[in-house]
Amino acid sequence: MLHRVKKANDASHDKWIGVGGKCEADESPDECMLREVKEETGFTVISWRYCGIVTFISDIWPCEYMHLFTADRWEGKEIDCNEGDLRWVDKERLFDLTLWPGDRIFLRLIMDLQQPFFSLKLVYKGDDLVAAKLDGKPLKL
């Protein structure tokens, strides 16, 4: 996990998030994931699973789409990240961290190995999650 503490004017300041970033021109989601993981961690991902897509709606920020991946094999040596502090976190302790409310939803979905590829829509007002839909069906918050 990445503890976002290094960037000025960061909407995720002091929250814990996964590594990642925006796709560059002509880049597929998996190519973006491979590049971003390498840039932010130093690791080259060798084996991964494409888990789902999240649509973020906000009254403050433009609409964004996040592609979710997990990795089970990688190589290389960890580097310092200029966006925050990287830490290995036990799954049992993950939900003790300061996370975005919607992240708690998709992290549980990712951990559920029975959950197939999913589409999750998260609607925020400020920092508050006000609505969520999983595969088009409303979720109780």
# chains A, B, ... in the order shown; residues from 1 in each chain; ligands from 1

call {"tool": "closest_atom_pairs", "arguments": {"of": "range 2-79 of chain A", "to": "range 98-102 of chain A", "cutoff": "12 Å", "atoms": "only C-alpha atoms", "output": "tab-separated table"}}
result
residue	atom	partner	partner_atom	distance
A:Leu2	CA	A:Leu99	CA	10.7
A:His3	CA	A:Thr98	CA	9.0
A:Arg4	CA	A:Thr98	CA	10.4
A:Ala11	CA	A:Trp100	CA	10.5
A:Ser12	CA	A:Trp100	CA	8.2
A:His13	CA	A:Thr98	CA	10.1
A:Asp14	CA	A:Thr98	CA	7.4
A:Lys15	CA	A:Thr98	CA	5.1
A:Trp16	CA	A:Leu99	CA	5.4
A:Ile17	CA	A:Leu99	CA	6.9
A:Gly18	CA	A:Leu99	CA	10.1
A:Val54	CA	A:Gly102	CA	9.4
A:Thr55	CA	A:Gly102	CA	10.5
A:Phe56	CA	A:Gly102	CA	9.1
A:Ile57	CA	A:Gly102	CA	11.2
A:Met66	CA	A:Gly102	CA	11.9

call {"tool": "select_by_dssp", "arguments": {"residues": "range 29-129 of chain A", "states": "strand (DSSP E)", "output": "PyMOL selection string"}}
result
chain A and resi 43-58+64-76+85-86+118-125+128-129

call {"tool": "closest_residue", "arguments": {"among": "A:Ala71, A:Leu141, A:Leu94, A:Leu34", "to": "Arg108 in chain A", "atoms": "only C-alpha atoms"}}
result
A:Leu94

call {"tool": "residues_around", "arguments": {"residues": "Asp72 in chain A", "least_positions_apart": "4", "cutoff": "12 Å", "atoms": "only C-alpha atoms", "output": "list in words"}}
result
Phe43, Thr44, Val45, Ile46, Ser47, Trp48, Arg49 and Tyr50 of chain A

call {"tool": "atom_distance", "arguments": {"atom1": "CA of Ile110 in chain A", "atom2": "CA of Glu39 in chain A"}}
result
23.1 Å

call {"tool": "closest_residue", "arguments": {"among": "A:Val37, A:Leu97, A:Leu107, A:Cys63", "to": "Lys77 in chain A", "atoms": "only C-alpha atoms"}}
result
A:Val37

call {"tool": "atom_distance", "arguments": {"atom1": "CA of Pro62 in chain A", "atom2": "CA of Gly21 in chain A"}}
result
15.0 Å

call {"tool": "residues_around", "arguments": {"residues": "Glu40 in chain A", "least_positions_apart": "4", "cutoff": "8 Å", "atoms": "only C-alpha atoms", "output": "MDAnalysis selection string"}}
result
chainID A and resid 19:20 36 79:83

call {"tool": "closest_residue", "arguments": {"among": "A:Asp85, A:Lys6, A:Ala132, A:Pro138", "to": "Ile105 in chain A", "atoms": "only C-alpha atoms"}}
result
A:Ala132

call {"tool": "select_by_dssp", "arguments": {"residues": "chain A", "states": "helix (DSSP H, G or I)", "output": "PyMOL selection string"}}
result
chain A and resi 29-41+91-96+101-111

call {"tool": "residues_around", "arguments": {"residues": "Phe118 in chain A", "least_positions_apart": "2", "cutoff": "7 Å", "atoms": "only C-alpha atoms", "output": "PDB file with N, CA and C atoms, in the first residue's frame"}}
result
ATOM      1  N   CYS A  51      -9.164  -7.451 -12.105  1.00  0.00           N
ATOM      2  CA  CYS A  51     -10.267  -7.721 -11.184  1.00  0.00           C
ATOM      3  C   CYS A  51     -11.543  -6.958 -11.502  1.00  0.00           C
ATOM      4  N   GLY A  52     -11.419  -5.720 -11.952  1.00  0.00           N
ATOM      5  CA  GLY A  52     -12.622  -4.938 -12.172  1.00  0.00           C
ATOM      6  C   GLY A  52     -12.317  -3.511 -12.561  1.00  0.00           C
ATOM      7  N   ILE A  53     -13.399  -2.774 -12.749  1.00  0.00           N
ATOM      8  CA  ILE A  53     -13.303  -1.357 -13.091  1.00  0.00           C
ATOM      9  C   ILE A  53     -14.189  -0.573 -12.131  1.00  0.00           C
ATOM     10  N   PRO A 116     -16.297 -12.593  -9.441  1.00  0.00           N
ATOM     11  CA  PRO A 116     -15.737 -12.455 -10.792  1.00  0.00           C
ATOM     12  C   PRO A 116     -15.400 -10.986 -11.080  1.00  0.00           C
ATOM     13  N   LEU A 120     -17.897  -1.364 -10.514  1.00  0.00           N
ATOM     14  CA  LEU A 120     -18.343  -0.673  -9.312  1.00  0.00           C
ATOM     15  C   LEU A 120     -18.427   0.818  -9.607  1.00  0.00           C
ATOM     16  N   ASP A 135     -22.127  -3.828 -10.297  1.00  0.00           N
ATOM     17  CA  ASP A 135     -22.706  -4.433 -11.504  1.00  0.00           C
ATOM     18  C   ASP A 135     -24.132  -3.923 -11.737  1.00  0.00           C
TER      19      ASP A 135
END

call {"tool": "atom_distance", "arguments": {"atom1": "CA of Lys38 in chain A", "atom2": "CA of Val89 in chain A"}}
result
18.8 Å

call {"tool": "closest_residue", "arguments": {"among": "A:Trp74, A:Tyr124, A:Phe69, A:Trp88", "to": "Met111 in chain A", "atoms": "only C-alpha atoms"}}
result
A:Phe69

call {"tool": "decode", "arguments": {"residues": "range 15-129 of chain A", "atoms": "C-alpha atoms", "output": "mmCIF file, in the first residue's frame"}}
result
data_model
loop_
_atom_site.group_PDB
_atom_site.id
_atom_site.type_symbol
_atom_site.label_atom_id
_atom_site.label_comp_id
_atom_site.auth_asym_id
_atom_site.auth_seq_id
_atom_site.Cartn_x
_atom_site.Cartn_y
_atom_site.Cartn_z
ATOM 1 C CA LYS A 15 -4.793 8.128 2.968
ATOM 2 C CA TRP A 16 -3.552 4.676 2.033
ATOM 3 C CA ILE A 17 -4.104 3.647 -1.579
ATOM 4 C CA GLY A 18 -2.787 1.113 -4.046
ATOM 5 C CA VAL A 19 -0.089 2.104 -6.505
ATOM 6 C CA GLY A 20 -1.182 3.334 -9.895
ATOM 7 C CA GLY A 21 -1.834 6.333 -12.067
ATOM 8 C CA LYS A 22 -3.232 7.620 -15.311
ATOM 9 C CA CYS A 23 -2.955 5.876 -18.662
ATOM 10 C CA GLU A 24 -0.672 7.497 -21.192
ATOM 11 C CA ALA A 25 -1.530 7.870 -24.887
ATOM 12 C CA ASP A 26 -2.110 4.539 -26.649
ATOM 13 C CA GLU A 27 -1.642 2.600 -23.399
ATOM 14 C CA SER A 28 -3.967 -0.245 -22.392
ATOM 15 C CA PRO A 29 -5.006 -0.647 -18.725
ATOM 16 C CA ASP A 30 -2.596 -3.548 -18.182
ATOM 17 C CA GLU A 31 0.282 -1.681 -19.866
ATOM 18 C CA CYS A 32 -0.460 1.287 -17.599
ATOM 19 C CA MET A 33 -0.479 -0.939 -14.506
ATOM 20 C CA LEU A 34 2.858 -2.497 -15.444
ATOM 21 C CA ARG A 35 4.452 0.916 -16.050
ATOM 22 C CA GLU A 36 3.013 2.545 -12.912
ATOM 23 C CA VAL A 37 4.010 -0.342 -10.643
ATOM 24 C CA LYS A 38 7.547 -0.215 -12.034
ATOM 25 C CA GLU A 39 7.770 3.598 -11.667
ATOM 26 C CA GLU A 40 6.347 3.726 -8.135
ATOM 27 C CA THR A 41 7.787 0.532 -6.615
ATOM 28 C CA GLY A 42 10.700 -0.659 -8.759
ATOM 29 C CA PHE A 43 8.991 -4.044 -9.254
ATOM 30 C CA THR A 44 8.263 -5.689 -12.594
ATOM 31 C CA VAL A 45 4.953 -7.551 -12.370
ATOM 32 C CA ILE A 46 5.137 -11.009 -13.959
ATOM 33 C CA SER A 47 1.699 -12.440 -13.128
ATOM 34 C CA TRP A 48 -1.505 -10.510 -12.489
ATOM 35 C CA ARG A 49 -5.306 -10.690 -12.469
ATOM 36 C CA TYR A 50 -7.577 -7.989 -13.889
ATOM 37 C CA CYS A 51 -10.267 -7.721 -11.184
ATOM 38 C CA GLY A 52 -12.622 -4.938 -12.172
ATOM 39 C CA ILE A 53 -13.303 -1.357 -13.091
ATOM 40 C CA VAL A 54 -14.415 1.445 -10.792
ATOM 41 C CA THR A 55 -16.247 4.562 -11.995
ATOM 42 C CA PHE A 56 -15.710 7.538 -9.683
ATOM 43 C CA ILE A 57 -18.289 10.327 -9.749
ATOM 44 C CA SER A 58 -17.599 13.443 -7.690
ATOM 45 C CA ASP A 59 -19.054 16.887 -7.162
ATOM 46 C CA ILE A 60 -15.462 18.208 -7.005
ATOM 47 C CA TRP A 61 -13.374 16.143 -9.421
ATOM 48 C CA PRO A 62 -14.004 15.045 -13.020
ATOM 49 C CA CYS A 63 -15.274 11.507 -13.623
ATOM 50 C CA GLU A 64 -12.492 8.911 -13.471
ATOM 51 C CA TYR A 65 -12.221 5.216 -14.266
ATOM 52 C CA MET A 66 -9.913 2.968 -12.279
ATOM 53 C CA HIS A 67 -8.871 -0.473 -13.477
ATOM 54 C CA LEU A 68 -8.110 -2.859 -10.613
ATOM 55 C CA PHE A 69 -5.398 -5.508 -10.723
ATOM 56 C CA THR A 70 -3.778 -7.846 -8.242
ATOM 57 C CA ALA A 71 -0.314 -9.308 -8.708
ATOM 58 C CA ASP A 72 0.936 -12.624 -7.408
ATOM 59 C CA ARG A 73 4.437 -12.620 -8.921
ATOM 60 C CA TRP A 74 6.957 -9.861 -9.453
ATOM 61 C CA GLU A 75 10.695 -9.321 -9.551
ATOM 62 C CA GLY A 76 13.071 -6.489 -8.851
ATOM 63 C CA LYS A 77 14.111 -4.355 -5.933
ATOM 64 C CA GLU A 78 11.851 -1.876 -4.134
ATOM 65 C CA ILE A 79 12.636 1.805 -4.693
ATOM 66 C CA ASP A 80 11.549 4.968 -2.890
ATOM 67 C CA CYS A 81 8.329 6.448 -4.228
ATOM 68 C CA ASN A 82 8.028 10.222 -4.655
ATOM 69 C CA GLU A 83 4.245 10.109 -4.021
ATOM 70 C CA GLY A 84 4.249 8.493 -0.600
ATOM 71 C CA ASP A 85 5.650 5.790 1.646
ATOM 72 C CA LEU A 86 5.345 2.208 0.407
ATOM 73 C CA ARG A 87 4.512 -0.424 3.023
ATOM 74 C CA TRP A 88 3.653 -4.111 2.898
ATOM 75 C CA VAL A 89 0.427 -4.463 4.876
ATOM 76 C CA ASP A 90 -1.067 -7.730 6.143
ATOM 77 C CA LYS A 91 -4.549 -8.315 4.729
ATOM 78 C CA GLU A 92 -5.864 -8.655 8.284
ATOM 79 C CA ARG A 93 -4.713 -5.084 9.042
ATOM 80 C CA LEU A 94 -5.724 -3.470 5.756
ATOM 81 C CA PHE A 95 -9.040 -2.094 7.011
ATOM 82 C CA ASP A 96 -7.352 -0.488 10.041
ATOM 83 C CA LEU A 97 -5.728 2.027 7.661
ATOM 84 C CA THR A 98 -7.125 5.426 6.652
ATOM 85 C CA LEU A 99 -8.817 4.523 3.358
ATOM 86 C CA TRP A 100 -11.345 6.173 1.068
ATOM 87 C CA PRO A 101 -14.804 4.744 1.903
ATOM 88 C CA GLY A 102 -15.230 3.311 -1.603
ATOM 89 C CA ASP A 103 -11.807 1.655 -1.440
ATOM 90 C CA ARG A 104 -13.117 -0.461 1.445
ATOM 91 C CA ILE A 105 -15.796 -1.806 -0.902
ATOM 92 C CA PHE A 106 -13.558 -2.749 -3.813
ATOM 93 C CA LEU A 107 -10.797 -4.124 -1.591
ATOM 94 C CA ARG A 108 -13.331 -6.555 -0.080
ATOM 95 C CA LEU A 109 -14.486 -7.509 -3.578
ATOM 96 C CA ILE A 110 -10.890 -8.144 -4.668
ATOM 97 C CA MET A 111 -10.214 -10.291 -1.593
ATOM 98 C CA ASP A 112 -13.296 -12.401 -2.321
ATOM 99 C CA LEU A 113 -11.780 -14.913 -4.715
ATOM 100 C CA GLN A 114 -15.280 -16.043 -5.678
ATOM 101 C CA GLN A 115 -16.104 -12.553 -7.004
ATOM 102 C CA PRO A 116 -15.737 -12.455 -10.792
ATOM 103 C CA PHE A 117 -14.685 -9.359 -12.711
ATOM 104 C CA PHE A 118 -16.878 -6.507 -11.485
ATOM 105 C CA SER A 119 -17.991 -2.985 -12.301
ATOM 106 C CA LEU A 120 -18.343 -0.673 -9.312
ATOM 107 C CA LYS A 121 -19.732 2.861 -9.429
ATOM 108 C CA LEU A 122 -18.885 5.175 -6.504
ATOM 109 C CA VAL A 123 -20.497 8.595 -6.039
ATOM 110 C CA TYR A 124 -18.823 11.110 -3.727
ATOM 111 C CA LYS A 125 -19.862 14.478 -2.343
ATOM 112 C CA GLY A 126 -16.627 15.918 -1.077
ATOM 113 C CA ASP A 127 -14.930 13.100 0.837
ATOM 114 C CA ASP A 128 -18.251 11.394 1.624
ATOM 115 C CA LEU A 129 -19.391 8.324 -0.290
#
